[in-house]
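Engineer: The following file, entry-v9.txt, comprises compact mmCIF, C-alpha atoms:
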```txt
# COMPACT_ATOMS: atom_id res chain seq x y z
CA ALA A 204 28.78 130.95 117.92
CA SER A 205 27.09 131.55 121.28
CA ALA A 206 24.89 134.33 119.86
CA MET A 207 24.07 132.35 116.71
CA GLY A 208 22.68 129.50 118.81
CA GLN A 209 19.93 131.80 120.08
CA GLY A 210 19.23 133.57 116.80
CA GLY A 211 21.33 136.64 117.61
CA ALA A 212 18.92 137.58 120.43
CA THR A 213 21.76 138.89 122.60
CA ILE A 214 21.14 142.65 122.73
CA ALA A 215 19.76 142.72 126.30
CA HIS A 216 21.76 139.83 127.83
CA SER A 217 24.99 137.99 127.07
CA ASN A 218 28.04 136.41 128.69
CA SER A 219 30.23 136.55 125.58
CA PRO A 220 32.85 139.06 124.35
CA SER A 221 30.98 139.03 121.03
CA SER A 222 28.73 141.64 122.69
CA ILE A 223 31.23 144.10 121.19
CA PHE A 224 29.31 143.56 117.94
CA PHE A 225 25.75 143.11 119.25
CA ASN A 226 25.73 145.57 122.18
CA PRO A 227 29.07 146.72 123.64
CA ALA A 228 27.39 148.01 126.81
CA LEU A 229 27.08 144.36 127.92
CA ILE A 230 30.86 143.87 128.26
CA ASN A 231 30.65 145.52 131.71
CA ASP A 232 29.21 142.21 132.95
CA LEU A 233 32.35 140.31 131.91
CA GLU A 234 35.01 139.85 134.58
CA GLY A 235 38.80 140.03 134.16
CA ILE A 236 40.28 139.49 130.71
CA GLN A 237 38.42 137.41 128.14
CA ILE A 238 39.61 136.42 124.68
CA GLU A 239 37.26 134.72 122.22
CA ASN A 240 38.40 133.39 118.85
CA GLY A 241 35.98 131.85 116.39
CA ILE A 242 35.13 130.92 112.84
CA THR A 243 31.89 130.55 110.91
CA ILE A 244 31.47 128.11 108.04
CA VAL A 245 28.94 129.42 105.51
CA LYS A 246 27.34 127.42 102.70
CA LEU A 247 24.97 129.40 100.47
CA LYS A 248 23.13 127.92 97.50
CA PHE A 249 20.87 129.62 94.94
CA ILE A 250 18.91 127.60 92.37
CA TYR A 251 17.44 128.93 89.13
CA GLU A 252 14.33 126.79 88.90
CA GLY A 253 13.84 127.44 85.18
CA THR A 254 16.78 125.21 84.26
CA GLY A 255 17.82 123.65 87.58
CA GLU A 256 21.15 125.51 87.43
CA SER A 257 22.67 126.53 90.76
CA THR A 258 25.53 128.44 92.30
CA LYS A 259 28.78 126.58 93.01
CA ASP A 260 29.11 124.54 96.20
CA ASP A 261 31.72 126.80 97.77
CA LEU A 262 32.28 127.31 101.50
CA PHE A 263 33.24 130.59 103.15
CA PHE A 264 35.07 130.94 106.46
CA PRO A 265 34.77 134.41 108.05
CA PRO A 266 36.77 134.53 111.32
CA THR A 267 36.10 136.51 114.51
CA LEU A 268 38.23 137.73 117.40
CA PHE A 269 36.91 139.52 120.50
CA THR A 270 38.74 140.51 123.66
CA THR A 271 37.52 142.41 126.74
CA TYR A 272 39.14 143.78 129.89
CA LYS A 273 37.33 144.97 133.03
CA TRP A 274 39.53 147.97 133.80
CA THR A 275 37.63 149.21 136.86
CA ASP A 276 34.29 148.40 138.47
CA ASP A 277 32.66 150.93 136.15
CA VAL A 278 34.80 150.86 133.00
CA SER A 279 35.44 148.00 130.57
CA ILE A 280 37.28 148.12 127.27
CA GLY A 281 37.21 145.75 124.32
CA LEU A 282 38.40 145.07 120.80
CA GLY A 283 36.54 143.20 118.09
CA VAL A 284 37.69 141.96 114.68
CA PHE A 285 34.87 140.59 112.52
CA SER A 286 33.09 140.72 109.15
CA PRO A 287 29.92 142.86 109.47
CA PHE A 288 28.97 142.48 105.79
CA GLY A 289 29.85 139.79 103.30
CA LEU A 290 28.41 137.47 100.71
CA ALA A 291 29.37 135.58 97.59
CA THR A 292 27.27 134.14 94.78
CA LEU A 293 29.32 132.18 92.26
CA TRP A 294 27.49 130.87 89.18
CA GLU A 295 29.00 128.70 86.48
CA ASN A 296 30.42 130.62 83.50
CA THR A 297 27.98 128.82 81.17
CA TRP A 298 24.71 129.29 83.11
CA SER A 299 21.67 130.99 81.55
CA GLY A 300 22.16 134.36 83.27
CA ARG A 301 25.92 134.54 82.75
CA TYR A 302 25.72 137.90 80.95
CA ILE A 303 24.19 139.43 84.10
CA ALA A 304 26.41 137.82 86.75
CA THR A 305 28.78 134.93 87.30
CA GLU A 306 30.66 136.21 90.35
CA THR A 307 29.52 138.60 93.07
CA GLU A 308 31.68 138.74 96.17
CA LEU A 309 31.96 141.24 99.02
CA THR A 310 34.43 140.68 101.86
CA THR A 311 34.73 143.07 104.79
CA ILE A 312 36.92 143.16 107.89
CA CYS A 313 36.15 145.54 110.74
CA VAL A 314 38.46 146.43 113.65
CA ASN A 315 36.31 147.85 116.46
CA PRO A 316 37.75 149.18 119.75
CA VAL A 317 35.04 150.02 122.34
CA VAL A 318 34.71 151.55 125.82
CA SER A 319 31.79 150.74 128.13
CA TYR A 320 30.93 152.89 131.19
CA LYS A 321 28.50 152.00 133.97
CA ILE A 322 26.67 155.24 134.80
CA SER A 323 24.66 153.70 137.63
CA LYS A 324 23.90 150.31 139.11
CA ASN A 325 21.35 149.63 136.37
CA LEU A 326 22.43 151.79 133.41
CA THR A 327 25.45 151.33 131.11
CA PHE A 328 26.52 153.13 127.94
CA ALA A 329 29.22 152.21 125.40
CA ALA A 330 30.84 153.68 122.30
CA GLY A 331 33.40 152.54 119.76
CA VAL A 332 35.10 153.28 116.45
CA ASP A 333 34.85 151.03 113.37
CA PHE A 334 37.76 150.77 110.94
CA LEU A 335 36.50 148.90 107.88
CA TYR A 336 38.34 147.26 104.99
CA ALA A 337 36.21 146.15 102.02
CA ASP A 338 37.12 144.03 99.00
CA VAL A 339 34.69 143.77 96.07
CA SER A 340 34.74 141.45 93.03
CA LEU A 341 32.11 141.32 90.27
CA GLY A 342 32.23 139.08 87.22
CA SER A 343 30.08 138.23 84.22
CA ALA A 344 30.33 136.82 80.72
CA VAL A 345 30.57 139.07 77.62
CA ASN A 346 28.16 138.19 74.83
CA LEU A 347 30.09 137.89 71.55
CA GLN A 348 27.71 135.47 69.84
CA ARG A 349 26.55 138.12 67.37
CA LEU A 350 30.13 138.25 66.09
CA GLY A 351 30.27 134.48 65.79
CA LEU A 352 32.68 134.24 68.74
CA GLU A 353 32.66 132.41 72.05
CA ASP A 354 31.83 134.36 75.18
CA GLY A 355 34.41 136.64 76.70
CA GLN A 356 34.73 137.29 80.42
CA GLN A 357 34.90 140.49 82.45
CA ARG A 358 35.86 141.03 86.07
CA LEU A 359 35.63 144.22 88.10
CA TYR A 360 37.49 144.24 91.41
CA GLY A 361 38.78 146.73 93.95
CA ASP A 362 39.17 147.53 97.62
CA SER A 363 38.95 150.45 100.01
CA THR A 364 38.72 151.53 103.65
CA ALA A 365 36.16 153.51 105.64
CA VAL A 366 35.54 154.66 109.21
CA GLY A 367 32.35 154.49 111.27
CA PHE A 368 31.22 154.20 114.90
CA ASN A 369 28.98 152.18 117.17
CA LEU A 370 26.98 152.86 120.34
CA GLY A 371 25.35 150.67 122.96
CA MET A 372 23.03 150.96 125.97
CA HIS A 373 21.90 148.45 128.59
CA TYR A 374 19.32 149.04 131.32
CA LYS A 375 18.45 146.53 134.03
CA ILE A 376 14.78 147.20 134.69
CA SER A 377 14.69 144.57 137.47
CA ASP A 378 16.53 141.45 138.53
CA LYS A 379 14.60 139.54 135.88
CA LEU A 380 13.97 142.07 133.12
CA SER A 381 16.50 144.05 131.05
CA PHE A 382 16.51 146.18 127.90
CA GLY A 383 19.31 146.75 125.44
CA SER A 384 19.84 148.74 122.26
CA SER A 385 22.76 149.49 119.98
CA TYR A 386 23.58 151.29 116.76
CA ARG A 387 26.24 150.77 114.11
CA SER A 388 26.81 153.59 111.63
CA GLY A 389 26.88 152.96 107.89
CA PHE A 390 29.93 153.22 105.66
CA LYS A 391 30.54 155.12 102.45
CA VAL A 392 33.15 152.91 100.80
CA GLU A 393 34.93 154.63 97.90
CA VAL A 394 36.32 151.70 95.93
CA ASP A 395 39.36 152.11 93.67
CA GLY A 396 39.71 149.18 91.32
CA ASP A 397 40.17 147.74 87.86
CA ILE A 398 38.12 146.04 85.19
CA GLU A 399 39.78 143.31 83.15
CA PHE A 400 38.51 141.54 80.03
CA ASP A 401 39.36 138.10 78.73
CA LEU A 402 38.59 138.37 74.99
CA PRO A 403 39.58 136.60 71.76
CA GLU A 404 42.85 138.03 70.50
CA ASN A 405 42.94 140.36 67.46
CA LYS A 406 39.25 139.97 66.70
CA TYR A 407 37.36 143.05 65.49
CA MET A 408 39.56 145.29 67.71
CA LEU A 409 37.60 144.19 70.76
CA ASP A 410 40.42 145.24 73.06
CA GLN A 411 39.87 148.83 71.86
CA ILE A 412 36.14 148.70 72.53
CA MET A 413 36.56 146.95 75.88
CA PRO A 414 39.99 147.92 77.22
CA ASN A 415 41.37 146.94 80.60
CA THR A 416 41.18 150.04 82.73
CA SER A 417 40.95 151.36 86.27
CA GLY A 418 37.89 152.94 87.80
CA LYS A 419 36.10 154.16 90.89
CA SER A 420 32.79 153.32 92.51
CA VAL A 421 30.98 154.08 95.78
CA LEU A 422 29.41 151.34 97.88
CA ASN A 423 26.97 152.44 100.59
CA LEU A 424 26.76 149.97 103.46
CA PRO A 425 23.82 150.62 105.81
CA ASP A 426 23.31 151.93 109.31
CA VAL A 427 22.07 149.13 111.58
CA ALA A 428 20.08 149.54 114.81
CA PHE A 429 19.35 146.76 117.32
CA ALA A 430 16.90 146.55 120.23
CA GLY A 431 16.03 143.67 122.53
CA ILE A 432 14.35 142.84 125.80
CA ALA A 433 15.36 139.85 127.93
CA TYR A 434 13.37 138.17 130.69
CA LYS A 435 14.65 135.60 133.17
CA LEU A 436 11.82 133.08 133.38
CA SER A 437 13.64 131.14 136.11
CA LYS A 438 17.14 130.57 137.45
CA LYS A 439 17.79 128.32 134.46
CA ILE A 440 15.84 129.88 131.56
CA THR A 441 16.29 133.27 129.88
CA ILE A 442 14.30 134.38 126.84
CA GLU A 443 14.97 137.41 124.64
CA THR A 444 13.17 138.91 121.71
CA GLY A 445 14.29 141.78 119.55
CA VAL A 446 14.30 143.71 116.28
CA ILE A 447 17.01 144.87 113.88
CA TRP A 448 16.64 147.74 111.41
CA GLU A 449 18.93 148.03 108.38
CA GLY A 450 18.99 151.26 106.35
CA TRP A 451 19.44 149.96 102.80
CA SER A 452 17.37 152.75 101.24
CA ASP A 453 20.55 154.80 100.75
CA TYR A 454 21.54 152.24 98.10
CA GLU A 455 19.57 153.94 95.31
CA TYR A 456 22.03 153.17 92.53
CA ASN A 457 25.53 151.94 91.80
CA GLU A 458 27.74 154.10 89.60
CA THR A 459 31.20 153.20 88.28
CA VAL A 460 33.46 155.75 86.58
CA PHE A 461 36.18 154.33 84.29
CA ASP A 462 39.43 156.02 83.26
CA LYS A 463 39.03 154.70 79.69
CA PRO A 464 35.70 154.42 77.85
CA ILE A 465 34.08 150.99 77.59
CA HIS A 466 31.57 150.74 74.72
CA ASP A 467 32.05 154.53 74.41
CA HIS A 468 30.93 155.04 78.04
CA THR A 469 33.09 156.25 80.92
CA VAL A 470 30.21 156.00 83.42
CA ILE A 471 28.02 152.96 84.02
CA ARG A 472 25.04 153.36 86.34
CA ASN A 473 22.77 150.60 87.61
CA ASP A 474 19.61 151.41 89.56
CA ARG A 475 19.15 149.56 92.86
CA ASP A 476 16.28 151.28 94.76
CA TRP A 477 16.74 149.02 97.77
CA SER A 478 14.49 149.42 100.83
CA ASP A 479 15.06 149.65 104.57
CA ILE A 480 14.31 146.30 106.19
CA MET A 481 13.40 144.81 109.55
CA THR A 482 14.54 141.58 111.15
CA TYR A 483 12.71 139.99 114.10
CA ASN A 484 14.23 137.38 116.37
CA ILE A 485 13.58 135.38 119.51
CA GLY A 486 16.03 133.23 121.43
CA LEU A 487 15.98 130.97 124.46
CA GLU A 488 18.86 130.00 126.73
CA TYR A 489 18.64 127.06 129.15
CA TYR A 490 21.30 126.85 131.88
CA TYR A 491 21.46 123.09 132.35
CA ASP A 492 24.27 123.07 134.93
CA GLU A 493 27.55 124.84 135.71
CA HIS A 494 29.13 123.31 132.61
CA LEU A 495 26.41 123.22 129.96
CA THR A 496 24.04 125.80 128.47
CA LEU A 497 21.62 124.95 125.65
CA LYS A 498 20.23 127.49 123.16
CA THR A 499 17.74 127.84 120.34
CA GLY A 500 16.34 130.68 118.26
CA TYR A 501 14.24 131.85 115.33
CA VAL A 502 14.77 134.79 112.95
CA TYR A 503 12.55 136.37 110.31
CA ARG A 504 14.36 138.77 107.95
CA GLU A 505 12.80 140.94 105.26
CA GLY A 506 14.34 141.28 101.81
CA ALA A 507 15.63 144.66 100.63
CA ILE A 508 15.53 144.31 96.81
CA PRO A 509 12.42 145.39 94.82
CA ASP A 510 11.05 143.41 91.89
CA HIS A 511 12.24 145.83 89.19
CA THR A 512 15.93 145.60 90.19
CA PHE A 513 16.00 141.98 91.34
CA GLU A 514 18.68 139.98 89.52
CA PRO A 515 20.81 136.87 90.10
CA SER A 516 23.95 138.55 91.43
CA LEU A 517 22.07 138.65 94.75
CA PRO A 518 18.71 136.82 94.69
CA ASP A 519 17.55 138.27 98.03
CA ASN A 520 14.10 137.78 99.58
CA ASP A 521 12.31 137.38 102.91
CA ALA A 522 13.84 134.54 104.90
CA HIS A 523 13.14 132.26 107.87
CA LEU A 524 16.13 131.10 109.92
CA PHE A 525 16.25 128.51 112.71
CA SER A 526 19.14 127.96 115.11
CA VAL A 527 20.43 125.73 117.89
CA GLY A 528 23.61 125.89 119.93
CA THR A 529 25.43 125.16 123.15
CA ASP A 530 28.09 126.57 125.47
CA TYR A 531 30.33 124.14 127.35
CA MET A 532 32.30 125.63 130.27
CA TRP A 533 35.32 123.96 131.84
CA GLU A 534 37.58 125.80 134.25
CA ARG A 535 38.58 129.02 132.42
CA TYR A 536 37.49 127.85 128.98
CA THR A 537 34.12 128.14 127.22
CA PHE A 538 33.61 126.27 123.96
CA SER A 539 30.57 127.32 121.90
CA ILE A 540 28.97 125.85 118.82
CA GLY A 541 26.03 127.29 116.90
CA TYR A 542 24.16 126.11 113.81
CA MET A 543 21.64 128.09 111.77
CA TYR A 544 19.57 126.99 108.77
CA GLY A 545 17.94 129.58 106.55
CA LYS A 546 15.35 129.25 103.79
CA GLN A 547 14.41 132.22 101.63
CA LYS A 548 11.00 132.50 100.06
CA ASP A 549 11.12 131.69 96.36
CA ARG A 550 11.63 134.80 94.25
CA ILE A 551 10.44 135.43 90.68
CA LYS A 552 12.51 137.57 88.33
CA ASP A 553 10.21 139.19 85.78
CA ASN A 554 11.93 142.38 84.65
CA THR A 555 14.00 143.74 81.78
CA ILE A 556 17.47 143.33 83.33
CA GLY A 557 19.44 141.43 80.68
CA ASP A 558 17.00 142.17 77.86
CA ASN A 559 19.57 144.33 76.05
CA LEU A 560 21.47 141.10 75.36
CA GLY A 561 18.42 139.26 74.05
CA ARG A 562 15.31 137.95 75.80
CA ASP A 563 16.97 134.56 76.29
CA ALA A 564 19.70 136.21 78.41
CA ASN A 565 17.50 137.88 81.04
CA ALA A 566 17.28 134.70 83.18
CA ASN A 567 13.70 135.49 84.16
CA GLY A 568 12.03 132.84 86.29
CA THR A 569 11.95 131.52 89.84
CA TYR A 570 14.91 131.48 92.23
CA SER A 571 15.13 129.51 95.46
CA SER A 572 17.85 129.45 98.07
CA THR A 573 19.09 127.86 101.29
CA ILE A 574 21.90 128.82 103.63
CA HIS A 575 23.75 126.93 106.35
CA PHE A 576 25.90 128.49 109.09
CA LEU A 577 28.10 126.51 111.47
CA ALA A 578 29.95 128.65 114.02
CA LEU A 579 32.65 127.55 116.47
CA SER A 580 34.39 129.64 119.13
CA LEU A 581 36.67 129.29 122.15
CA ASN A 582 36.60 131.83 124.99
CA ILE A 583 39.46 131.94 127.48
CA HIS A 584 38.97 133.74 130.82
CA PHE A 585 41.87 135.26 132.77
```
Can you dump the structure from the file as structure tokens?

Structural biologist:
Amino acid sequence: ASAMGQGGATIAHSNSPSSIFFNPALINDLEGIQIENGITIVKLKFIYEGTGESTKDDLFFPPTLFTTYKWTDDVSIGLGVFSPFGLATLWENTWSGRYIATETELTTICVNPVVSYKISKNLTFAAGVDFLYADVSLGSAVNLQRLGLEDGQQRLYGDSTAVGFNLGMHYKISDKLSFGSSYRSGFKVEVDGDIEFDLPENKYMLDQIMPNTSGKSVLNLPDVAFAGIAYKLSKKITIETGVIWEGWSDYEYNETVFDKPIHDHTVIRNDRDWSDIMTYNIGLEYYYDEHLTLKTGYVYREGAIPDHTFEPSLPDNDAHLFSVGTDYMWERYTFSIGYMYGKQKDRIKDNTIGDNLGRDANANGTYSSTIHFLALSLNIHF
């Protein structure tokens, strides 16, 4: 919540245990034992302008837990539990692009122990291990209109684990100026799962053509690198600006291998051809008094999906995000609240995805989207 209030510009300065995610080298500046528990409320809405249809008004509640301990003057340790990747787009089962996607949901949980070591008065390094759990669910309608039947439904779901690592560095250039950078490795998630069909009973032997079966797929989640520079304008005001790089270009295609053939195929491959992207942010922190700190920020994030593979399971595009937040400190407690509003640029789908089901099923047209985040956290100092 504290980082969200200033647009995530907390790579070169922070007073929150959530630095375990952003830059674990910063936890050396935290005294004693600190435990921070939080939750983020996410509301994401996509609209298909061609018909005015939109995704369902569902809320998502990813939690966070961070704890740090200053072991010695030079060594601090920490543990973070958070969701580094996650998204859900849930369309109605009757919408125009239902044969492409009705449900797309990725949930991840990462457990991240870290150690931070102060090499000198001004230079600190940190390293940690990431243990990731991922759960994936994909759904769409099955077009049976050519057989004179109502739509069927299919759902592919599975889960898996993976291991990665993260690094952090912080350098105090002067009393007013500091630089920070961090890196989180990507994950190769080998998903074991099942595909299930909901089809009319005893009709044209559909259950033989589309049997329920198990399968395997690989999901490549990207490396992420952060860098930021913070400047203390005065005793009360700190400003930071930074960049984030995400390596999505490894996501060239998605391939699923089934144990039983579906439509005479045991392998289904979908091209992705995603691109590496950059995010730019700036945040400002105003220390009003010993109890209250006010924050604001701005983020510009590039989209990773090219025109030829863009489709409504994830209508991604360049986005502008604006944030505000506050920390309220009382005795050994810090309560933080952060709000962020995001607006993606409108995106036009004009490709052949869905054409194999008929031109009316490709859901070509303009997509718009908005996203709201509301984050709350409580930090207890010991």

Engineer: For the atom pair atom CA of Asn567 of chain A and atom CA of Arg472 of chain A, what is the interatomic distance in Å to one decimal place?

Structural biologist: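 Going from atom CA of Asn567 of chain A over to atom CA of Arg472 of chain A, I get 21.3 Å.
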
Engineer: How many Å lie between atom CA of Thr243 of chain A and atom CA of Ile442 of chain A, rounded to one decimal?

Structural biologist: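 Atom-to-atom, atom CA of Thr243 of chain A and atom CA of Ile442 of chain A are spaced 24.0 Å apart.
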
Engineer: List the spatial neighbours of segment 481-492 of chain A as a ChimeraX atom specification - criterion: any atom at most 7 Å away, only C-alpha atoms, same-chain residues fewer than 6 positions off excluded.

Structural biologist: /A:209-210,212,439-449,498-505

Engineer: Residues at most 12 Å from Ala365 of chain A, counting all atoms listed in the file, excluding those fewer than 6 positions away in the same chain, as a PyMOL selection string?

Structural biologist: chain A and resi 311-314+332-338+388-394+421-424

Engineer: Could you check which residues have any atom within 8 Å of (16.3, 144.6, 97.5), counting only C-alpha atoms with coordinates taken straight from the file, and then list them as number ranges by chain?

Structural biologist: A: 475-478, 506-510, 512-513, 519-520

Engineer: So, with all atoms listed in the file as the atoms that count, which of A:Tyr251, A:Tyr386, A:Tyr272, A:Trp451 lies closest to Glu514 of chain A?

Structural biologist: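 Closest candidate: A:Tyr251.
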
Engineer: Counting all atoms listed in the file, which of A:Phe263, A:Phe429, A:Trp298, A:Phe461 gets nearest to Ala578 of chain A?

Structural biologist: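 Closest to Ala578 of chain A of all the choices is A:Phe263.
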
Engineer: From the list A:Val527, A:Ala566, A:Val427, A:Leu402, which residue is nearest Met543 of chain A when using only C-alpha atoms?

Structural biologist: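 Looking only at the distances to Met543 of chain A, the closest residue turns out to be A:Val527.
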
Engineer: In terms of the shortest atom-to-atom distance over all atoms listed in the file, which of A:Ala564, A:Val366, A:Lys552, A:Gly361 is closest to Gln348 of chain A?

Structural biologist: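 For Gln348 of chain A, the nearest of the candidates is A:Ala564.
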
Engineer: I'd like to know which of A:Ser340, A:Ser319, A:Asn565, A:Gln237 is closest to Ile280 of chain A, using all atoms listed in the file.

Structural biologist: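 So, comparing all the options, the nearest one is A:Ser319.
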
Engineer: Using all atoms listed in the file, can you tell me which of A:Trp533, A:Tyr374, A:Phe525, A:Trp274 comes closest to Ile583 of chain A?

Structural biologist: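 Result for the nearest residue to Ile583 of chain A: A:Trp533.
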
Engineer: What's the separation between atom CA of Leu350 of chain A and atom CA of Met408 of chain A, in Å to one decimal place?

Structural biologist: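 For atom CA of Leu350 of chain A relative to atom CA of Met408 of chain A, the distance reads 11.9 Å.
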
Engineer: May I have the protein, DNA and RNA residues with an atom at most 12 Å from (16.6, 134.8, 85.9), counting all atoms listed in the file in the file's coordinates, returned as a VMD selection string?

Structural biologist: chain A and resid 249 to 257 298 to 304 510 512 to 518 550 to 558 562 to 571

Engineer: Next, dump the selected residues to file, keeping only C-alpha atoms, as a PDB file, keeping the file's coordinate frame.

Structural biologist:
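Everything below was put into out-v2.pdb:
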```pdb
ATOM      1  CA  PHE A 249      20.870 129.620  94.940  1.00  0.00           C
ATOM      2  CA  ILE A 250      18.910 127.600  92.370  1.00  0.00           C
ATOM      3  CA  TYR A 251      17.440 128.930  89.130  1.00  0.00           C
ATOM      4  CA  GLU A 252      14.330 126.790  88.900  1.00  0.00           C
ATOM      5  CA  GLY A 253      13.840 127.440  85.180  1.00  0.00           C
ATOM      6  CA  THR A 254      16.780 125.210  84.260  1.00  0.00           C
ATOM      7  CA  GLY A 255      17.820 123.650  87.580  1.00  0.00           C
ATOM      8  CA  GLU A 256      21.150 125.510  87.430  1.00  0.00           C
ATOM      9  CA  SER A 257      22.670 126.530  90.760  1.00  0.00           C
ATOM     10  CA  TRP A 298      24.710 129.290  83.110  1.00  0.00           C
ATOM     11  CA  SER A 299      21.670 130.990  81.550  1.00  0.00           C
ATOM     12  CA  GLY A 300      22.160 134.360  83.270  1.00  0.00           C
ATOM     13  CA  ARG A 301      25.920 134.540  82.750  1.00  0.00           C
ATOM     14  CA  TYR A 302      25.720 137.900  80.950  1.00  0.00           C
ATOM     15  CA  ILE A 303      24.190 139.430  84.100  1.00  0.00           C
ATOM     16  CA  ALA A 304      26.410 137.820  86.750  1.00  0.00           C
ATOM     17  CA  ASP A 510      11.050 143.410  91.890  1.00  0.00           C
ATOM     18  CA  THR A 512      15.930 145.600  90.190  1.00  0.00           C
ATOM     19  CA  PHE A 513      16.000 141.980  91.340  1.00  0.00           C
ATOM     20  CA  GLU A 514      18.680 139.980  89.520  1.00  0.00           C
ATOM     21  CA  PRO A 515      20.810 136.870  90.100  1.00  0.00           C
ATOM     22  CA  SER A 516      23.950 138.550  91.430  1.00  0.00           C
ATOM     23  CA  LEU A 517      22.070 138.650  94.750  1.00  0.00           C
ATOM     24  CA  PRO A 518      18.710 136.820  94.690  1.00  0.00           C
ATOM     25  CA  ARG A 550      11.630 134.800  94.250  1.00  0.00           C
ATOM     26  CA  ILE A 551      10.440 135.430  90.680  1.00  0.00           C
ATOM     27  CA  LYS A 552      12.510 137.570  88.330  1.00  0.00           C
ATOM     28  CA  ASP A 553      10.210 139.190  85.780  1.00  0.00           C
ATOM     29  CA  ASN A 554      11.930 142.380  84.650  1.00  0.00           C
ATOM     30  CA  THR A 555      14.000 143.740  81.780  1.00  0.00           C
ATOM     31  CA  ILE A 556      17.470 143.330  83.330  1.00  0.00           C
ATOM     32  CA  GLY A 557      19.440 141.430  80.680  1.00  0.00           C
ATOM     33  CA  ASP A 558      17.000 142.170  77.860  1.00  0.00           C
ATOM     34  CA  ARG A 562      15.310 137.950  75.800  1.00  0.00           C
ATOM     35  CA  ASP A 563      16.970 134.560  76.290  1.00  0.00           C
ATOM     36  CA  ALA A 564      19.700 136.210  78.410  1.00  0.00           C
ATOM     37  CA  ASN A 565      17.500 137.880  81.040  1.00  0.00           C
ATOM     38  CA  ALA A 566      17.280 134.700  83.180  1.00  0.00           C
ATOM     39  CA  ASN A 567      13.700 135.490  84.160  1.00  0.00           C
ATOM     40  CA  GLY A 568      12.030 132.840  86.290  1.00  0.00           C
ATOM     41  CA  THR A 569      11.950 131.520  89.840  1.00  0.00           C
ATOM     42  CA  TYR A 570      14.910 131.480  92.230  1.00  0.00           C
ATOM     43  CA  SER A 571      15.130 129.510  95.460  1.00  0.00           C
TER      44      SER A 571
END
```
